[in-house]
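Trainee: File upload_39.txt below, compact mmCIF, C-alpha atoms (C1' of nucleotides):
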# COMPACT_ATOMS: atom_id res chain seq x y z
CA MET A 245 129.82 111.16 85.55
CA ASP A 246 129.23 111.92 81.93
CA LEU A 247 126.83 114.77 81.55
CA THR A 248 126.78 115.00 77.79
CA GLY A 249 124.67 111.92 77.32
CA THR A 250 126.62 111.06 74.23
CA ASP A 251 128.35 107.92 75.37
CA ALA A 252 125.86 105.70 77.11
CA PRO A 253 127.68 103.10 79.23
CA ALA A 254 127.85 100.09 76.97
CA ALA A 255 128.91 97.07 78.97
CA ARG A 256 126.50 97.67 81.84
CA PHE A 257 122.81 97.56 82.53
CA ASP A 258 121.15 100.69 81.26
CA ALA A 259 117.59 101.40 82.28
CA PHE A 260 117.20 103.74 79.33
CA THR A 261 117.17 100.74 77.05
CA ALA A 262 113.74 99.18 76.87
CA SER A 263 114.96 95.61 76.63
CA CYS A 264 117.32 95.92 79.59
CA PRO A 265 116.18 93.82 82.55
CA SER A 266 116.90 96.70 84.89
CA ARG A 267 114.02 98.51 83.24
CA GLN A 268 111.62 95.90 84.59
CA LEU A 269 113.22 96.25 87.96
CA LEU A 270 112.75 100.00 87.87
CA ASP A 271 109.17 99.33 86.95
CA THR A 272 108.73 97.05 89.96
CA ILE A 273 110.30 99.29 92.57
CA GLY A 274 109.25 102.56 91.00
CA ASN A 275 105.57 102.50 91.78
CA LYS A 276 103.88 104.06 94.73
CA TRP A 277 102.81 100.88 96.49
CA ALA A 278 106.20 99.21 96.30
CA SER A 279 107.98 102.26 97.63
CA LEU A 280 105.51 102.63 100.47
CA VAL A 281 105.78 98.93 101.35
CA ILE A 282 109.56 99.12 101.45
CA VAL A 283 109.62 102.25 103.58
CA ALA A 284 106.96 100.82 105.88
CA LEU A 285 108.95 97.62 106.39
CA GLY A 286 112.09 99.67 106.84
CA LEU A 287 110.45 101.59 109.65
CA GLY A 288 108.46 98.76 111.19
CA GLY A 289 110.81 95.82 110.77
CA ARG A 290 108.93 92.54 110.59
CA MET A 291 105.26 93.23 109.94
CA ARG A 292 102.13 91.21 109.44
CA TYR A 293 99.99 91.51 106.35
CA SER A 294 97.27 93.27 108.28
CA GLU A 295 99.75 95.68 109.83
CA LEU A 296 101.00 96.67 106.41
CA ALA A 297 97.46 97.10 105.16
CA ALA A 298 96.67 99.37 108.09
CA ARG A 299 99.87 101.37 107.78
CA ILE A 300 99.59 101.99 104.05
CA ALA A 301 96.27 103.73 103.87
CA GLY A 302 94.26 103.31 100.72
CA VAL A 303 95.90 100.20 99.35
CA SER A 304 93.57 97.42 98.24
CA GLN A 305 94.22 93.84 99.34
CA LYS A 306 94.73 92.90 95.77
CA MET A 307 97.42 95.50 95.14
CA LEU A 308 99.09 94.86 98.47
CA THR A 309 99.24 91.14 97.82
CA GLN A 310 100.46 91.67 94.28
CA THR A 311 103.10 94.17 95.36
CA LEU A 312 104.33 91.89 98.13
CA ARG A 313 104.55 88.96 95.72
CA ASN A 314 106.58 90.97 93.25
CA LEU A 315 108.93 92.25 95.91
CA GLU A 316 109.31 88.75 97.30
CA ARG A 317 110.06 87.39 93.87
CA ASP A 318 112.73 90.03 93.38
CA GLY A 319 114.33 89.05 96.67
CA LEU A 320 113.63 92.34 98.40
CA LEU A 321 111.60 90.83 101.22
CA THR A 322 110.81 87.49 102.79
CA ARG A 323 107.39 86.03 103.43
CA THR A 324 107.04 83.84 106.50
CA VAL A 325 103.92 81.79 107.09
CA THR A 326 103.28 80.62 110.63
CA PRO A 327 100.72 77.84 110.45
CA ALA A 328 98.56 78.65 113.43
CA VAL A 329 94.89 79.42 113.86
CA PRO A 330 94.42 81.97 112.54
CA VAL A 331 97.33 81.81 110.17
CA ARG A 332 100.00 84.45 110.57
CA VAL A 333 102.01 85.85 107.68
CA ASP A 334 104.99 88.10 108.31
CA TYR A 335 106.98 90.15 105.86
CA GLU A 336 110.49 91.43 106.39
CA LEU A 337 113.08 93.17 104.25
CA THR A 338 116.08 91.17 103.10
CA SER A 339 119.53 92.73 103.09
CA LEU A 340 118.94 93.48 99.43
CA GLY A 341 115.71 95.22 100.33
CA ARG A 342 117.41 97.19 103.06
CA SER A 343 120.03 98.35 100.59
CA LEU A 344 117.22 100.03 98.70
CA LEU A 345 115.62 101.44 101.80
CA GLU A 346 117.80 104.51 102.09
CA THR A 347 117.05 105.65 98.55
CA MET A 348 113.36 105.00 99.00
CA HIS A 349 113.33 106.89 102.24
CA HIS A 350 115.01 109.81 100.52
CA LEU A 351 112.27 109.73 97.92
CA LYS A 352 109.51 109.78 100.49
CA GLU A 353 111.29 112.51 102.46
CA TRP A 354 111.76 114.58 99.32
CA ALA A 355 108.08 114.30 98.49
CA GLU A 356 107.10 115.38 101.97
CA THR A 357 109.56 118.25 102.36
CA HIS A 358 109.11 119.74 98.88
CA MET A 359 105.36 119.45 98.87
CA PRO A 360 104.78 123.19 99.47
CA GLU A 361 106.90 124.21 96.48
CA VAL A 362 105.16 121.69 94.27
CA HIS A 363 101.79 122.82 95.49
CA GLN A 364 102.61 126.41 94.64
CA ALA A 365 103.95 125.42 91.22
CA ARG A 366 100.71 123.59 90.54
CA GLU A 367 98.58 126.59 91.36
CA GLU A 368 100.65 128.83 89.13
CA TYR A 369 100.45 126.29 86.34
CA ASP A 370 96.71 125.89 86.66
CA GLN A 371 96.25 129.64 86.47
CA ARG A 372 98.29 130.07 83.29
CA ASP A 373 95.74 128.67 80.84
CA THR A 374 92.23 129.11 82.07
CA MET B 1424 117.64 109.84 110.11
CA ASP B 1425 115.24 108.17 112.46
CA LEU B 1426 114.49 104.65 111.38
CA THR B 1427 112.67 103.48 114.45
CA GLY B 1428 109.42 105.14 113.56
CA THR B 1429 108.80 105.92 117.19
CA ASP B 1430 108.66 109.69 116.89
CA ALA B 1431 106.68 110.23 113.73
CA PRO B 1432 106.45 113.99 113.29
CA ALA B 1433 102.84 114.96 113.64
CA ALA B 1434 102.59 118.34 111.97
CA ARG B 1435 104.22 117.23 108.72
CA PHE B 1436 103.23 115.63 105.49
CA ASP B 1437 103.04 111.87 105.73
CA ALA B 1438 102.86 109.88 102.53
CA PHE B 1439 101.45 106.90 104.43
CA THR B 1440 98.22 108.79 104.81
CA ALA B 1441 96.07 108.42 101.73
CA SER B 1442 94.66 111.92 101.87
CA CYS B 1443 98.04 113.60 102.23
CA PRO B 1444 99.03 115.65 99.17
CA SER B 1445 102.51 114.19 99.29
CA ARG B 1446 100.98 110.86 98.36
CA GLN B 1447 99.95 112.32 95.02
CA LEU B 1448 103.42 113.72 94.59
CA LEU B 1449 104.91 110.32 95.28
CA ASP B 1450 102.51 108.97 92.72
CA THR B 1451 103.76 111.50 90.16
CA ILE B 1452 107.48 111.07 90.66
CA GLY B 1453 107.40 107.42 91.63
CA ASN B 1454 106.68 105.89 88.24
CA LYS B 1455 109.12 104.62 85.70
CA TRP B 1456 108.60 107.25 83.03
CA ALA B 1457 108.93 110.20 85.39
CA SER B 1458 112.10 108.87 86.93
CA LEU B 1459 113.62 108.15 83.52
CA VAL B 1460 112.70 111.62 82.25
CA ILE B 1461 114.27 113.28 85.26
CA VAL B 1462 117.46 111.27 85.02
CA ALA B 1463 117.66 111.84 81.27
CA LEU B 1464 117.29 115.58 81.69
CA GLY B 1465 119.78 115.49 84.52
CA LEU B 1466 122.32 113.88 82.25
CA GLY B 1467 121.46 115.68 79.06
CA GLY B 1468 120.65 119.16 80.31
CA ARG B 1469 118.27 120.96 77.99
CA MET B 1470 116.67 118.44 75.64
CA ARG B 1471 114.14 118.51 72.85
CA TYR B 1472 111.01 116.38 72.85
CA SER B 1473 112.39 114.10 70.18
CA GLU B 1474 115.69 113.74 71.99
CA LEU B 1475 113.87 112.58 75.09
CA ALA B 1476 111.74 110.19 73.09
CA ALA B 1477 114.86 108.70 71.51
CA ARG B 1478 116.74 108.48 74.77
CA ILE B 1479 113.93 106.84 76.74
CA ALA B 1480 113.35 103.78 74.64
CA GLY B 1481 109.90 102.29 74.65
CA VAL B 1482 107.94 105.28 75.84
CA SER B 1483 104.86 106.17 73.81
CA GLN B 1484 104.30 109.77 72.74
CA LYS B 1485 101.21 109.86 74.84
CA MET B 1486 102.96 108.80 78.03
CA LEU B 1487 105.96 111.02 77.36
CA THR B 1488 103.74 114.03 76.79
CA GLN B 1489 101.64 113.25 79.82
CA THR B 1490 104.66 112.70 82.02
CA LEU B 1491 106.27 115.94 80.85
CA ARG B 1492 103.05 117.85 81.48
CA ASN B 1493 102.76 116.48 85.00
CA LEU B 1494 106.37 117.24 85.82
CA GLU B 1495 105.99 120.73 84.39
CA ARG B 1496 102.88 121.29 86.43
CA ASP B 1497 104.71 120.21 89.56
CA GLY B 1498 107.48 122.69 88.82
CA LEU B 1499 110.16 120.06 88.24
CA LEU B 1500 110.94 121.10 84.69
CA THR B 1501 110.34 123.97 82.28
CA ARG B 1502 108.89 123.74 78.78
CA THR B 1503 110.20 126.26 76.27
CA VAL B 1504 108.54 126.67 72.89
CA THR B 1505 110.58 128.33 70.13
CA PRO B 1506 108.13 129.39 67.43
CA ALA B 1507 110.00 128.45 64.27
CA VAL B 1508 109.28 126.16 61.36
CA PRO B 1509 109.32 123.45 62.41
CA VAL B 1510 108.49 124.37 65.97
CA ARG B 1511 111.09 123.57 68.61
CA VAL B 1512 110.22 122.56 72.19
CA ASP B 1513 112.89 122.21 74.85
CA TYR B 1514 112.63 120.75 78.30
CA GLU B 1515 114.95 121.48 81.18
CA LEU B 1516 115.00 120.67 84.88
CA THR B 1517 114.28 123.46 87.34
CA SER B 1518 116.30 123.79 90.53
CA LEU B 1519 113.49 121.90 92.23
CA GLY B 1520 113.82 119.16 89.66
CA ARG B 1521 117.58 119.06 90.11
CA SER B 1522 117.10 118.65 93.86
CA LEU B 1523 115.33 115.39 93.09
CA LEU B 1524 117.90 114.29 90.55
CA GLU B 1525 120.34 112.80 92.99
CA THR B 1526 117.74 110.53 94.57
CA MET B 1527 116.42 109.49 91.17
CA HIS B 1528 119.89 108.75 89.96
CA HIS B 1529 120.47 106.59 93.04
CA LEU B 1530 117.30 104.71 92.18
CA LYS B 1531 118.37 104.06 88.61
CA GLU B 1532 121.87 103.12 89.72
CA TRP B 1533 120.50 100.77 92.34
CA ALA B 1534 118.33 99.04 89.76
CA GLU B 1535 121.28 98.61 87.42
CA THR B 1536 123.84 97.47 89.97
CA HIS B 1537 121.59 95.06 91.86
CA MET B 1538 120.06 93.54 88.77
CA PRO B 1539 122.09 90.31 89.01
CA GLU B 1540 120.97 89.61 92.56
CA VAL B 1541 117.37 90.30 91.66
CA HIS B 1542 117.62 88.10 88.62
CA GLN B 1543 118.95 85.25 90.71
CA ALA B 1544 116.24 85.77 93.31
CA ARG B 1545 113.63 85.58 90.57
CA GLU B 1546 114.92 82.30 89.25
CA GLU B 1547 114.95 80.77 92.70
CA TYR B 1548 111.45 82.03 93.33
CA ASP B 1549 110.13 80.69 90.05
CA GLN B 1550 111.59 77.28 90.77
CA ARG B 1551 110.05 76.99 94.20
CA ASP B 1552 106.50 76.25 93.09
CA THR B 1553 106.43 74.47 89.77
C1' DC C 228 89.06 85.19 111.73
C1' DT C 229 93.47 86.10 108.51
C1' DG C 230 95.40 85.90 104.07
C1' DG C 231 94.51 85.87 99.49
C1' DA C 232 92.16 84.31 95.01
C1' DT C 233 88.41 85.43 91.62
C1' DC C 234 84.99 88.11 89.10
C1' DC C 235 83.54 92.47 87.30
C1' DA C 236 83.31 97.72 86.53
C1' DC C 237 86.40 101.30 85.74
C1' DT C 238 90.77 103.64 84.72
C1' DT C 239 95.17 103.88 82.62
C1' DT C 240 98.32 102.74 79.00
C1' DG C 241 99.84 101.87 74.32
C1' DA C 242 99.60 101.70 68.93
C1' DT C 243 98.15 104.03 65.18
C1' DA C 244 96.52 107.81 62.53
C1' DC C 245 96.04 112.59 61.94
C1' DT C 246 96.90 118.03 62.59
C1' DG C 247 99.23 122.92 63.33
C1' DC D 731 108.59 118.39 64.97
C1' DA D 732 105.62 118.12 68.58
C1' DG D 733 101.94 116.97 69.74
C1' DT D 734 96.29 115.50 69.80
C1' DA D 735 92.48 111.93 68.83
C1' DT D 736 90.83 107.51 68.87
C1' DC D 737 90.25 102.91 70.14
C1' DA D 738 92.02 98.34 71.83
C1' DA D 739 94.49 96.22 75.61
C1' DA D 740 96.20 95.93 80.02
C1' DG D 741 96.13 97.35 84.81
C1' DT D 742 93.56 98.75 89.16
C1' DG D 743 90.24 98.60 92.83
C1' DG D 744 86.04 96.79 95.13
C1' DA D 745 83.10 93.10 96.41
C1' DT D 746 82.83 88.62 97.13
C1' DC D 747 84.20 83.87 97.87
C1' DC D 748 87.55 80.20 99.53
C1' DA D 749 91.20 77.67 102.39
C1' DG D 750 93.27 76.91 106.67
How would this structure read if it were set down as C-alpha cells?
Mentor:
Amino acid sequence: MDLTGTDAPAARFDAFTASCPSRQLLDTIGNKWASLVIVALGLGGRMRYSELAARIAGVSQKMLTQTLRNLERDGLLTRTVTPAVPVRVDYELTSLGRSLLETMHHLKEWAETHMPEVHQAREEYDQRDT
Amino acid sequence: MDLTGTDAPAARFDAFTASCPSRQLLDTIGNKWASLVIVALGLGGRMRYSELAARIAGVSQKMLTQTLRNLERDGLLTRTVTPAVPVRVDYELTSLGRSLLETMHHLKEWAETHMPEVHQAREEYDQRDT
DNA sequence: CTGGATCCACTTTGATACTG
DNA sequence: CAGTATCAAAGTGGATCCAG
C-alpha cells in the first residue's frame, strides 16, 4: 500500500474523486441507517419490514423505506412481496450484500467497543474551551 | 464472531438501540466525509487543512471543518496549530483513529471493487419499472 | 392490518463572501 | 491559510392518507 498519497491509483475507481461512481456508493452504504439495516439483515437473515422497523429503533418509516429501496437498487438486498392478506414483504441480503456484512459488522463492533474511549475524549474536549 | 444473533450480549453497548451512545458514534463515523477524512489521513499521515480539502474532492469547507471538529472531539484525530504567518494547521490520526483505519479502508476498498456489480444491479433495477 | 406514498415543519448541507 | 457568517437548497422525520 502506498502511504505517501502521492500516486493515487489511476486506472481504478477512487472514492476520493468526486465524480467517481464509487463515491455515490460510499454515500449510500456509509450512512447510519444503511449500515444498521445491513447488520440487522446479516444477523436476522430474512426479515419482514415490520421486523426491521422494530429492530432498528428510531428509524422512521420513510427513511427505512428509502434506505431499503436504495440498497435494493444497488443489489445489496432483495425485496420479496407475498401477495396475501395482509401483504407480506420480506427483505434479505444478496451475496453482494453479505460480502459487505463483515466490514459493516466490524464498524458496528468498533463503535460499541471503543465507545468508552470516545466518551472520555469528548469530555476532555468539551472542557478545553469553556 | 457470532452471526446468529441468539446470544446478544446484554451488558454492552448496542447500536440498534436508539438511546445507546454508540449510535451517535456510528452516526459520526458512518458518513461519507468522516470515512474519507480518516482514510486520507491514514494514507497521508499528517496533513494540512488545505491538503485534505484538495485530496477529498467535492467537500465544502464547512463540512470539512465540521467533520474534522467532530472527529477531533471524539479523539480520532489531533489538530495542531502552528502560529506563523500564514497560520498552519495540521491534522493527524490518533492511535484510536488508526484503530478504525483498517475498517474504513475496507469500506472504501469494498465500494471501489464492487462498483461494477452495483452499477449493473442499478441498471437492471431501473429497467424493471419503466 | 401491513407496507409505503404524500404533505409539511424542521434540520442539515452547500455556495459564496468575508475575517484574523 | 484556515477558517467563520450567511442564506438558499436539499434532506429528514412525523403525521396522515392510500392500496391491497
Trainee: In Å, how much C-alpha RMSD is there between chain A and chain B after the fit, with all atoms paired in order?
Mentor: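 In short, the RMSD is 0.9 Å.
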Trainee: With chain B as the partner and 12 Å as the cut-off, tabulate the residues of chain C that qualify, each row holding the nearest pair of atoms and their distance in Å to one decimal, using only C-alpha atoms (C1' of nucleotides), sorted by chain and rising number, as JSON lines.
Mentor:
{"residue": "C:DT239", "atom": "C1'", "partner": "B:Met1486", "partner_atom": "CA", "distance": 10.3}
{"residue": "C:DT240", "atom": "C1'", "partner": "B:Met1486", "partner_atom": "CA", "distance": 7.7}
{"residue": "C:DG241", "atom": "C1'", "partner": "B:Ser1483", "partner_atom": "CA", "distance": 6.6}
{"residue": "C:DA242", "atom": "C1'", "partner": "B:Ser1483", "partner_atom": "CA", "distance": 8.5}
{"residue": "C:DT243", "atom": "C1'", "partner": "B:Ser1483", "partner_atom": "CA", "distance": 11.1}
{"residue": "C:DG247", "atom": "C1'", "partner": "B:Val1510", "partner_atom": "CA", "distance": 9.7}
Trainee: Please provide the set of residues having any atom within 7 Å of B:Trp1456, restricted to only C-alpha atoms (C1' of nucleotides), with same-chain residues fewer than 3 positions apart removed, written as a list in words.
Mentor: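 Once the adjacent positions are removed, what remains is Leu1459, Val1460 and Thr1490 of chain B.
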Trainee: Near chain B, meaning an atom within 10 Å, which residues of chain D appear when counting only C-alpha atoms (C1' of nucleotides)? Write them as number ranges by chain.
Mentor: D: 731-734
Trainee: Expressed in Å to a single decimal, how great is the separation between atom CA of B:Arg1502 and atom C1' of D:DT736?
Mentor: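 Answer for the atom CA of B:Arg1502 to atom C1' of D:DT736 separation: 26.2 Å.
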Trainee: Show me, as an NGL selection string, every residue of chain A with an atom at most 7 Å from chain B, counting all atoms listed in the file.
Mentor: :A and (247-249 or 257-262 or 266 or 269-271 or 274-276 or 287-288 or 299-302 or 317-319 or 347 or 350-352 or 355-356 or 359 or 362 or 365-366 or 369)
Trainee: List as a list in words the residues having at least one atom at most 6 Å from position (87.5, 89.8, 95.2) as given in the file, counting only C-alpha atoms (C1' of nucleotides).
Mentor: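 Checking each residue against the 6 Å limit leaves DT233 of chain C; DA745 and DT746 of chain D.
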Trainee: At what distance in Å, to one decimal, does atom CA of B:Ala1507 lie from atom CA of B:Arg1469?
Mentor: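 For atom CA of B:Arg1469 relative to atom CA of B:Ala1507, the distance reads 17.7 Å.
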Trainee: Figure out the distance between atom CA of A:Leu312 and atom CA of B:Arg1551, please, to one decimal in Å.
Mentor: 16.4 Å
Trainee: Tell me which residues come within 6 Å of (93.3, 99.4, 87.4), as a list in words, counting only C-alpha atoms (C1' of nucleotides) in the file's coordinates.
Mentor: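 Within 6 Å of (93.3, 99.4, 87.4), the protein and nucleic acid residues are DT238 of chain C; DG741 and DT742 of chain D.
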Trainee: Please fill the gaps in stretch 1444-1469 of chain B so it has N, CA, C and O atoms, and write that as an mmCIF file, in the coordinates of the input.
Mentor:
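The resulting file, result-v9.cif, is shown below:
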data_model
loop_
_atom_site.group_PDB
_atom_site.id
_atom_site.type_symbol
_atom_site.label_atom_id
_atom_site.label_comp_id
_atom_site.auth_asym_id
_atom_site.auth_seq_id
_atom_site.Cartn_x
_atom_site.Cartn_y
_atom_site.Cartn_z
ATOM 1 N N PRO B 1444 98.634 115.227 100.520
ATOM 2 C CA PRO B 1444 99.030 115.650 99.170
ATOM 3 C C PRO B 1444 100.339 115.024 98.721
ATOM 4 O O PRO B 1444 100.546 114.790 97.523
ATOM 5 N N SER B 1445 101.209 114.741 99.674
ATOM 6 C CA SER B 1445 102.510 114.190 99.290
ATOM 7 C C SER B 1445 102.355 112.789 98.682
ATOM 8 O O SER B 1445 103.222 112.316 97.960
ATOM 9 N N ARG B 1446 101.239 112.158 98.970
ATOM 10 C CA ARG B 1446 100.980 110.860 98.360
ATOM 11 C C ARG B 1446 100.833 111.022 96.848
ATOM 12 O O ARG B 1446 101.370 110.242 96.062
ATOM 13 N N GLN B 1447 100.112 112.053 96.444
ATOM 14 C CA GLN B 1447 99.950 112.320 95.020
ATOM 15 C C GLN B 1447 101.286 112.636 94.374
ATOM 16 O O GLN B 1447 101.561 112.234 93.241
ATOM 17 N N LEU B 1448 102.103 113.364 95.113
ATOM 18 C CA LEU B 1448 103.420 113.720 94.590
ATOM 19 C C LEU B 1448 104.263 112.464 94.409
ATOM 20 O O LEU B 1448 104.926 112.281 93.381
ATOM 21 N N LEU B 1449 104.190 111.584 95.385
ATOM 22 C CA LEU B 1449 104.910 110.320 95.280
ATOM 23 C C LEU B 1449 104.406 109.527 94.092
ATOM 24 O O LEU B 1449 105.171 108.855 93.399
ATOM 25 N N ASP B 1450 103.111 109.651 93.859
ATOM 26 C CA ASP B 1450 102.510 108.970 92.720
ATOM 27 C C ASP B 1450 103.073 109.537 91.413
ATOM 28 O O ASP B 1450 103.342 108.812 90.465
ATOM 29 N N THR B 1451 103.250 110.846 91.370
ATOM 30 C CA THR B 1451 103.760 111.500 90.160
ATOM 31 C C THR B 1451 105.215 111.147 89.888
ATOM 32 O O THR B 1451 105.576 110.769 88.777
ATOM 33 N N ILE B 1452 106.053 111.273 90.886
ATOM 34 C CA ILE B 1452 107.480 111.070 90.660
ATOM 35 C C ILE B 1452 107.893 109.615 90.783
ATOM 36 O O ILE B 1452 108.956 109.242 90.306
ATOM 37 N N GLY B 1453 107.023 108.805 91.413
ATOM 38 C CA GLY B 1453 107.400 107.420 91.630
ATOM 39 C C GLY B 1453 106.875 106.489 90.563
ATOM 40 O O GLY B 1453 106.347 105.432 90.880
ATOM 41 N N ASN B 1454 106.996 106.839 89.298
ATOM 42 C CA ASN B 1454 106.680 105.890 88.240
ATOM 43 C C ASN B 1454 107.829 105.878 87.258
ATOM 44 O O ASN B 1454 108.634 106.791 87.200
ATOM 45 N N LYS B 1455 107.912 104.831 86.493
ATOM 46 C CA LYS B 1455 109.120 104.620 85.700
ATOM 47 C C LYS B 1455 109.393 105.729 84.709
ATOM 48 O O LYS B 1455 110.532 106.168 84.562
ATOM 49 N N TRP B 1456 108.345 106.247 84.056
ATOM 50 C CA TRP B 1456 108.600 107.250 83.030
ATOM 51 C C TRP B 1456 109.108 108.544 83.646
ATOM 52 O O TRP B 1456 110.052 109.157 83.137
ATOM 53 N N ALA B 1457 108.488 108.960 84.752
ATOM 54 C CA ALA B 1457 108.930 110.200 85.390
ATOM 55 C C ALA B 1457 110.382 110.101 85.833
ATOM 56 O O ALA B 1457 111.179 111.017 85.599
ATOM 57 N N SER B 1458 110.728 108.989 86.452
ATOM 58 C CA SER B 1458 112.100 108.870 86.930
ATOM 59 C C SER B 1458 113.082 108.858 85.765
ATOM 60 O O SER B 1458 114.151 109.487 85.835
ATOM 61 N N LEU B 1459 112.724 108.194 84.671
ATOM 62 C CA LEU B 1459 113.620 108.150 83.520
ATOM 63 C C LEU B 1459 113.744 109.530 82.872
ATOM 64 O O LEU B 1459 114.836 109.931 82.450
ATOM 65 N N VAL B 1460 112.644 110.266 82.803
ATOM 66 C CA VAL B 1460 112.700 111.620 82.250
ATOM 67 C C VAL B 1460 113.615 112.495 83.080
ATOM 68 O O VAL B 1460 114.473 113.217 82.544
ATOM 69 N N ILE B 1461 113.467 112.425 84.380
ATOM 70 C CA ILE B 1461 114.270 113.280 85.260
ATOM 71 C C ILE B 1461 115.750 112.946 85.145
ATOM 72 O O ILE B 1461 116.596 113.833 85.026
ATOM 73 N N VAL B 1462 116.048 111.649 85.140
ATOM 74 C CA VAL B 1462 117.460 111.270 85.020
ATOM 75 C C VAL B 1462 118.008 111.667 83.652
ATOM 76 O O VAL B 1462 119.129 112.174 83.538
ATOM 77 N N ALA B 1463 117.204 111.473 82.614
ATOM 78 C CA ALA B 1463 117.660 111.840 81.270
ATOM 79 C C ALA B 1463 117.964 113.331 81.179
ATOM 80 O O ALA B 1463 119.006 113.734 80.651
ATOM 81 N N LEU B 1464 117.061 114.139 81.714
ATOM 82 C CA LEU B 1464 117.290 115.580 81.690
ATOM 83 C C LEU B 1464 118.464 115.971 82.588
ATOM 84 O O LEU B 1464 119.187 116.922 82.303
ATOM 85 N N GLY B 1465 118.636 115.231 83.656
ATOM 86 C CA GLY B 1465 119.780 115.490 84.520
ATOM 87 C C GLY B 1465 121.086 115.239 83.811
ATOM 88 O O GLY B 1465 122.053 115.987 83.959
ATOM 89 N N LEU B 1466 121.105 114.196 83.001
ATOM 90 C CA LEU B 1466 122.320 113.880 82.250
ATOM 91 C C LEU B 1466 122.476 114.767 81.031
ATOM 92 O O LEU B 1466 123.575 115.226 80.712
ATOM 93 N N GLY B 1467 121.372 115.013 80.344
ATOM 94 C CA GLY B 1467 121.460 115.680 79.060
ATOM 95 C C GLY B 1467 121.263 117.184 79.086
ATOM 96 O O GLY B 1467 121.397 117.829 78.061
ATOM 97 N N GLY B 1468 120.915 117.722 80.255
ATOM 98 C CA GLY B 1468 120.650 119.160 80.310
ATOM 99 C C GLY B 1468 119.382 119.491 79.560
ATOM 100 O O GLY B 1468 118.384 118.789 79.674
ATOM 101 N N ARG B 1469 119.429 120.557 78.777
ATOM 102 C CA ARG B 1469 118.270 120.960 77.990
ATOM 103 C C ARG B 1469 118.091 120.008 76.819
ATOM 104 O O ARG B 1469 119.020 119.792 76.037
#
